[in-house]
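A short write-up of the structure that comes next.
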Amino acid sequence: MQQVTNEMLAEQTRGQTVPSRFLQTVRSRPDAVALRARDGDGWQETTFAEYAEDASRVAAGLRGLGVGRGDRVVLMMRNRPEFFVADMAVLLVGATAISIYNSSAPEQVQYLVGHCDAKVAIVEDVGYLERFLKVRSELPALEHIVLMEDPDGVAPDDVGAWDALLALDPVDIEAASQVAQPSDLATVIYTSGTTGPPKGVMLDHANICWTAESLRLTLAHVAAEGRRLVSYLPMAHIAERMTSHYQQALLGYEVTTCPEASEVASYLPQVRPEILFAVPRIWEKMYAGIQAVVAADPQKKEAFERALETNDDAVLRPVRELLGLDQVISAITGAAPIPIEILEFFRALGVPLAEIYGLSECSGPMTFDAVDVRVGTVGRALPGCEVKLAEDGEVICRGGNVFRGYLNDPEKTADALDADGWLHSGDIGEFDADGYLKIVDRKKELIITAGGKNISPANLEAALKAFSMIGQACVIGDGRPFVSALLVLDPEIAPGWAKQHGVDTATLPELAEHPEVRAEVERYVAEANKRFSNVEQVKKFALLGEEWLPDSEELTPTMKLKRRGIHTKYADVIEELYTR
């Protein structure tokens with residue numbers, strides 16, 4: 001690929017905004033399917049022309065509510081076609097669309113909506129509405145709330161109806177697409193808040209258009225336009241927003257919306273996506289499911305493993321078809337480390353899985369190689385993006401994907417962005433001779449034992465989770481005499497293992513206490529320890545029989561560990577590891 005510079009991409013995308021590029025897509029693909037959603041036993045499909053029409057009608061409604069250029073509109077809804085329509089409508093009036101996590105409690109709603117001074121909120125149902133109503137008196141800037149679904153008519157009279165917006169005459173999309181300017185904010189992405197209150201990452205239209213073009217270039221071996229995707233992660237997360245919303249608008253993707261992330265495995269065989277982004281936990285669960293099936297039959301297991309080694313597509317293709325991954329041209333994992341064994345497994349299966357690396361502050365991606373993958377790395381710098389290491393090994397980058405700062409927080413902005421425009425990631429990395437980046441760990445998450453040894457918890461955790469019976473792992477050891485771990489049994493794999501080995505227990509907590517299960521996990525831990533020096537090895541562990549769910553005390557909505565929450569919740573368990 002020709003060396004692409006930041007300046008080249010900036011020139012190529014100069015003057016572009018998400019609405020102006022969306023209009024180009026609508027003109028070139030008016031009758032192509034843009035959005036799909038389950039409708040009973042079938043599918044409801046929306047073409048790009050219909051999508052544009054609906055967005056133009058809602059834009060007229062937003063104008064009627066006084067929303068204009070520079071205003072902010074908060075969205076709280078699941079992955080459904082109406083999200084795309086609402087977000088695009090906000091952009092068509094020159095405002096900023098801000099999605100917040102659907103799990104946000106009333107006090108979180110108050111913080112987020114107040115922090116961004118949202119003028120309007122569009123919410124999916126009465127359950128979401130109630131959270132806004134509880135804190136509405138504390139939100140003087142919030143002038144209107146629009147409710148999407150109210151079958152029982154219980155909403156207060158001053159809450160607007162989504163259908164009323166859709167019933168209006170549409171704005172002139174030609175003129176509306178010119179309202180927003182490249183330097184206007186397209187969105188504010190609120191970080192998950194693993195270490196404090198969420199920060200509002202400001203991304204403008206120039207950021208989005210530059211990044212979408214850079215990502216398109218990473219798929220230069222195939223035509224990226226018009227590809228099939230499934231949208232299932234929270235739209236408040238930059239990876240989903242960039243992949244299935246912004247890139248869809250700019251590159252004409254056909255997006256099937258899956259309202260619950262837990263249901264994505266059932267969608268894949270029906271959609272047969274061509275591009276698939278998934279956080280590591282999704283890949284881990286698919287891997288564990290395959291392992292559980294083949295383990296039940298020793299002959300089948302041997303034949304399958306032989307097929308992986310010999311690349312026997314006659315055996316492997318039916319497995320890909322069963323998973324719905326047989327037409328994937330780009331499979332992507334990111335947002336957290338993935339065990340190397342799992343990445344290698346899917347590549348051996350014929351799924352072109354590659355790691356992407358980045359953060360909200362660089363519009364999502366910083367490094368990614370879709371084709372020339374080097375397992376164990378997160379690829380090379382994105383086209384047009386400069387990536388290097390600071391003196392202390394921290395990964396820093398500069399380019400058109402780098403954000404405009406944190407909303408209302410110049411102090412934290414100065415901490416993240418230096419005077420020369422370099423974004424400081426907070427991650428420690430290493431480059432190989434060819435420019436492939438390996439992430440060592442989070443700068444702030446490095447464990448320093450009582451003996452002064454720096455240890456990477458993420459590397460240990462990834463090694464532990466490579467064993468299918470372990471669903472989650474959290475390594476402990478900061479200021480401690482040795483390293484320990486909290487291990488969570490996989491709720492799908494552990495019962496199957498127990499049944500195969502004659503362990504007669506009914507619940508996950510019982511399995512966690514069973515000596516045979518514990519002995520098997522001890523074997524796993526010993527195997528994982530072989531990869532690390534003695535001081536880095538897990539000396540003790542607690543086996544937990546309660547599942548850690550997304551958006552809980554233990555995990556963020558995208559399934560990253562909330563270390564502070566885990567340490568607090570399991571303080572007694574951790575203490576016992578060091579005193580017994």
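Chain identifiers are assigned as A, B, and so on, following the order in which chains appear in the structure tokens; residues are numbered from 1 within each chain, and ligands are numbered from 1 in order of appearance.
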
request  = Pick out the residues sitting within 12 Å of A:Glu554, and hand them over as number ranges by chain; count only C-alpha atoms, and ignore anything fewer than 3 positions along from it in its own chain.
outcome  = A: 194, 472-474, 486, 488, 546-551, 557-570

Would you save the residues from that selection as a tab-separated table (two decimals), in the first residue's frame, using C-alpha atoms?
```
chain	number	residue	atom	x	y	z
A	194	THR	CA	-13.51	2.71	35.13
A	472	GLN	CA	-13.24	-14.12	33.54
A	473	ALA	CA	-9.98	-13.48	35.38
A	474	CYS	CA	-8.79	-10.60	37.52
A	486	LEU	CA	-10.00	-14.16	41.06
A	488	VAL	CA	-14.86	-16.92	37.32
A	546	GLU	CA	-21.19	-16.08	39.98
A	547	GLU	CA	-21.13	-14.78	36.42
A	548	TRP	CA	-19.74	-11.30	35.79
A	549	LEU	CA	-22.13	-9.53	33.46
A	550	PRO	CA	-21.58	-6.50	31.20
A	551	ASP	CA	-22.33	-3.16	32.84
A	557	PRO	CA	-20.73	-2.32	29.13
A	558	THR	CA	-18.05	-3.55	26.71
A	559	MET	CA	-16.80	-6.17	29.17
A	560	LYS	CA	-13.59	-4.55	30.39
A	561	LEU	CA	-12.67	-5.23	34.00
A	562	LYS	CA	-13.70	-2.61	36.55
A	563	ARG	CA	-10.75	-3.29	38.82
A	564	ARG	CA	-11.81	-0.85	41.51
A	565	GLY	CA	-15.30	-2.36	41.69
A	566	ILE	CA	-13.93	-5.91	41.78
A	567	HIS	CA	-11.44	-5.08	44.53
A	568	THR	CA	-14.20	-3.49	46.60
A	569	LYS	CA	-16.80	-6.23	46.11
A	570	TYR	CA	-14.40	-9.09	46.73
```

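Omitting A:Gly289 and its sequence neighbours fewer than 2 positions away, and counting only C-alpha atoms, the residues within 12 Å are Ala265, Ile282, Trp283, Glu284, Lys285, Met286, Tyr287, Gln291, Ala292, Val293, Val294, Ala295, Ala296, Val319, Leu322, Leu323, Ser468, Met469, Gly471, Asp490, Pro491, Glu492, Ile493, Ala494, Gly496 and Trp497 of chain A.
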
request  = Pick out the closest residue to A:Ile447 from this set: A:Thr505, A:Thr191, A:Asn459, A:Thr256. Count only C-alpha atoms.
outcome  =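 With only C-alpha atoms as the atom set, the closest residue is A:Asn459.
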
note = Min atom-atom distance to A:Val371 from the set A:Leu215, A:Ser244, A:Ile290, A:Ala220, counting only C-alpha atoms, belongs to A:Ala220

ask   = So which residues of stretch 159-391 of chain A fall under helix (DSSP H, G or I) by DSSP, listed as a PyMOL selection string?
value = chain A and resi 162-166+173-176+205-218+238-251+261-271+280-295+298-310+313-323+340-349+360-362

Kindly export the residues of the current selection with C-alpha atoms, as an mmCIF file, in the first residue's frame.
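Saved result, out.cif, follows:
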```
data_model
loop_
_atom_site.group_PDB
_atom_site.id
_atom_site.type_symbol
_atom_site.label_atom_id
_atom_site.label_comp_id
_atom_site.auth_asym_id
_atom_site.auth_seq_id
_atom_site.Cartn_x
_atom_site.Cartn_y
_atom_site.Cartn_z
ATOM 1 C CA TRP A 162 -41.464 10.088 18.101
ATOM 2 C CA ASP A 163 -44.299 9.366 15.664
ATOM 3 C CA ALA A 164 -45.237 13.039 15.701
ATOM 4 C CA LEU A 165 -41.757 13.915 14.447
ATOM 5 C CA LEU A 166 -41.946 11.298 11.696
ATOM 6 C CA ILE A 173 -31.812 17.228 2.757
ATOM 7 C CA GLU A 174 -29.645 18.999 0.171
ATOM 8 C CA ALA A 175 -29.655 22.170 2.229
ATOM 9 C CA ALA A 176 -29.638 20.351 5.584
ATOM 10 C CA HIS A 205 -17.019 15.746 11.613
ATOM 11 C CA ALA A 206 -13.450 16.044 10.325
ATOM 12 C CA ASN A 207 -12.366 13.364 12.818
ATOM 13 C CA ILE A 208 -15.106 11.002 11.664
ATOM 14 C CA CYS A 209 -14.573 11.466 7.924
ATOM 15 C CA TRP A 210 -10.784 11.169 8.219
ATOM 16 C CA THR A 211 -11.039 7.986 10.301
ATOM 17 C CA ALA A 212 -13.628 6.342 8.063
ATOM 18 C CA GLU A 213 -11.421 6.937 5.031
ATOM 19 C CA SER A 214 -8.368 5.587 6.840
ATOM 20 C CA LEU A 215 -10.268 2.451 7.829
ATOM 21 C CA ARG A 216 -11.491 2.033 4.261
ATOM 22 C CA LEU A 217 -7.868 1.972 3.146
ATOM 23 C CA THR A 218 -7.091 -0.860 5.568
ATOM 24 C CA ILE A 238 -16.877 4.395 19.879
ATOM 25 C CA ALA A 239 -16.198 1.016 18.210
ATOM 26 C CA GLU A 240 -19.868 0.362 17.420
ATOM 27 C CA ARG A 241 -20.614 3.977 16.585
ATOM 28 C CA MET A 242 -17.720 4.220 14.145
ATOM 29 C CA THR A 243 -18.221 0.791 12.593
ATOM 30 C CA SER A 244 -21.942 0.428 12.103
ATOM 31 C CA HIS A 245 -23.173 4.023 12.129
ATOM 32 C CA TYR A 246 -20.606 6.436 10.730
ATOM 33 C CA GLN A 247 -18.947 4.006 8.326
ATOM 34 C CA GLN A 248 -22.380 2.787 7.280
ATOM 35 C CA ALA A 249 -23.415 6.337 6.404
ATOM 36 C CA LEU A 250 -20.192 6.993 4.487
ATOM 37 C CA LEU A 251 -19.605 3.575 2.894
ATOM 38 C CA ALA A 261 -25.717 -8.101 22.605
ATOM 39 C CA SER A 262 -26.473 -11.462 24.228
ATOM 40 C CA GLU A 263 -28.420 -12.467 21.089
ATOM 41 C CA VAL A 264 -25.713 -11.725 18.517
ATOM 42 C CA ALA A 265 -24.692 -15.394 18.134
ATOM 43 C CA SER A 266 -28.212 -16.212 16.923
ATOM 44 C CA TYR A 267 -28.125 -13.316 14.423
ATOM 45 C CA LEU A 268 -24.833 -14.227 12.757
ATOM 46 C CA PRO A 269 -26.051 -17.334 10.851
ATOM 47 C CA GLN A 270 -29.053 -15.366 9.572
ATOM 48 C CA VAL A 271 -27.090 -12.280 8.526
ATOM 49 C CA PRO A 280 -12.762 -10.505 23.003
ATOM 50 C CA ARG A 281 -15.463 -11.956 25.248
ATOM 51 C CA ILE A 282 -17.679 -12.624 22.200
ATOM 52 C CA TRP A 283 -14.855 -14.486 20.433
ATOM 53 C CA GLU A 284 -14.045 -16.339 23.662
ATOM 54 C CA LYS A 285 -17.635 -17.518 24.034
ATOM 55 C CA MET A 286 -17.795 -18.714 20.410
ATOM 56 C CA TYR A 287 -14.500 -20.536 20.903
ATOM 57 C CA ALA A 288 -15.691 -22.127 24.134
ATOM 58 C CA GLY A 289 -18.929 -23.248 22.475
ATOM 59 C CA ILE A 290 -17.044 -24.997 19.664
ATOM 60 C CA GLN A 291 -14.687 -26.642 22.144
ATOM 61 C CA ALA A 292 -17.604 -27.900 24.222
ATOM 62 C CA VAL A 293 -19.261 -29.480 21.169
ATOM 63 C CA VAL A 294 -16.168 -31.281 19.860
ATOM 64 C CA ALA A 295 -15.043 -32.349 23.341
ATOM 65 C CA PRO A 298 -13.250 -37.812 21.132
ATOM 66 C CA GLN A 299 -13.228 -38.917 17.481
ATOM 67 C CA LYS A 300 -14.839 -35.684 16.347
ATOM 68 C CA LYS A 301 -12.370 -33.723 18.471
ATOM 69 C CA GLU A 302 -9.383 -35.492 16.914
ATOM 70 C CA ALA A 303 -10.698 -34.986 13.367
ATOM 71 C CA PHE A 304 -11.408 -31.322 14.014
ATOM 72 C CA GLU A 305 -7.968 -30.647 15.483
ATOM 73 C CA ARG A 306 -6.362 -32.428 12.530
ATOM 74 C CA ALA A 307 -8.397 -30.266 10.135
ATOM 75 C CA LEU A 308 -7.162 -27.111 11.899
ATOM 76 C CA GLU A 309 -3.571 -28.271 11.481
ATOM 77 C CA THR A 310 -3.932 -29.295 7.834
ATOM 78 C CA ASP A 313 -11.616 -26.734 4.433
ATOM 79 C CA ALA A 314 -14.062 -29.590 3.864
ATOM 80 C CA VAL A 315 -14.187 -29.971 7.653
ATOM 81 C CA LEU A 316 -13.745 -26.329 8.624
ATOM 82 C CA ARG A 317 -16.234 -24.708 6.221
ATOM 83 C CA PRO A 318 -19.329 -26.322 7.823
ATOM 84 C CA VAL A 319 -18.182 -24.999 11.212
ATOM 85 C CA ARG A 320 -17.850 -21.471 9.825
ATOM 86 C CA GLU A 321 -21.282 -21.821 8.210
ATOM 87 C CA LEU A 322 -22.798 -23.006 11.473
ATOM 88 C CA LEU A 323 -21.398 -19.930 13.248
ATOM 89 C CA ILE A 340 -3.367 -15.461 21.437
ATOM 90 C CA GLU A 341 -4.663 -19.050 21.332
ATOM 91 C CA ILE A 342 -8.159 -17.850 20.515
ATOM 92 C CA LEU A 343 -6.981 -15.491 17.782
ATOM 93 C CA GLU A 344 -4.878 -18.287 16.261
ATOM 94 C CA PHE A 345 -7.813 -20.694 16.506
ATOM 95 C CA PHE A 346 -10.147 -18.522 14.450
ATOM 96 C CA ARG A 347 -7.489 -17.800 11.862
ATOM 97 C CA ALA A 348 -6.856 -21.554 11.557
ATOM 98 C CA LEU A 349 -10.621 -22.011 11.204
ATOM 99 C CA SER A 360 -12.238 6.868 22.061
ATOM 100 C CA GLU A 361 -9.773 9.756 21.997
ATOM 101 C CA CYS A 362 -8.519 8.728 18.538
#
```

key: Shell around A:Glu391 at 12 Å using only C-alpha atoms, local window under 2 positions removed, as a list in words   = Lys388, Leu389, Gly393, Glu394, Val395, Ile396, His424, Ile428, Gly429 and Glu430 of chain A

A:Ala161 environment, 7 Å, only C-alpha atoms, sequence neighbours closer than 6 positions dropped, as an MDAnalysis selection string = chainID A and resid 146:148

Would you list the contacts of A:Gly200 as a PDB file with C-alpha atoms, in the first residue's frame, taking every protein, DNA or RNA residue within 6 Å and counting only C-alpha atoms, but skipping same-chain residues closer than 4 positions in sequence?
```
ATOM      1  CA  VAL A 188     -19.293  13.321  22.431  1.00  0.00           C
ATOM      2  CA  ILE A 189     -18.278   9.828  23.568  1.00  0.00           C
ATOM      3  CA  TYR A 190     -18.387   9.404  27.311  1.00  0.00           C
ATOM      4  CA  TYR A 406     -12.532  16.587  26.742  1.00  0.00           C
ATOM      5  CA  LEU A 407     -15.761  18.537  27.016  1.00  0.00           C
TER       6      LEU A 407
END
```

request  = Give the strand (DSSP E or B) residues of stretch 341-474 of chain A, as assigned by DSSP on the backbone, as an MDAnalysis selection string.
outcome  = chainID A and resid 353:357 367:368 381 386:389 394:398 406 417 423:431 437:442 447:448 454:455 470:474

request  = Within 12 Å of A:Val483, counting only C-alpha atoms, which residues show up once you throw out same-chain ones fewer than 6 positions away? Write them as a PyMOL selection string, please.
outcome  = chain A and resi 447-451+453-457+460-461+474-477+529+532-542+574+577-578

task = Could you give me, as a ChimeraX atom specification, the residues within 10 Å of A:Glu386, counting only C-alpha atoms and dropping anything in the same chain fewer than 6 positions from it?
result = /A:5-6,366-367,380,396-400,422

query = Restricting the calculation to only C-alpha atoms, which member of A:Ala180, A:Val123, A:Ala498, A:Val74 is positioned closest to A:Leu142?
reply = A:Val74

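Among the candidates A:Val230, A:Gly384, A:Ala331, A:Val73, the one nearest to A:Glu11 when counting only C-alpha atoms is A:Gly384.
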
task = Kindly give the distance, in Å, that separates atom CA of A:Glu45 and atom CA of A:Leu276, rounded to a single decimal.
result =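 Value for the atom CA of A:Glu45-atom CA of A:Leu276 distance: 19.9 Å.
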
ask   = Using only C-alpha atoms, which residue out of A:Ile338, A:Ala236, A:Ala485, A:Leu464 lies closest to A:Ala528?
value =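 Ranked by minimum distance to A:Ala528, first place goes to A:Leu464.
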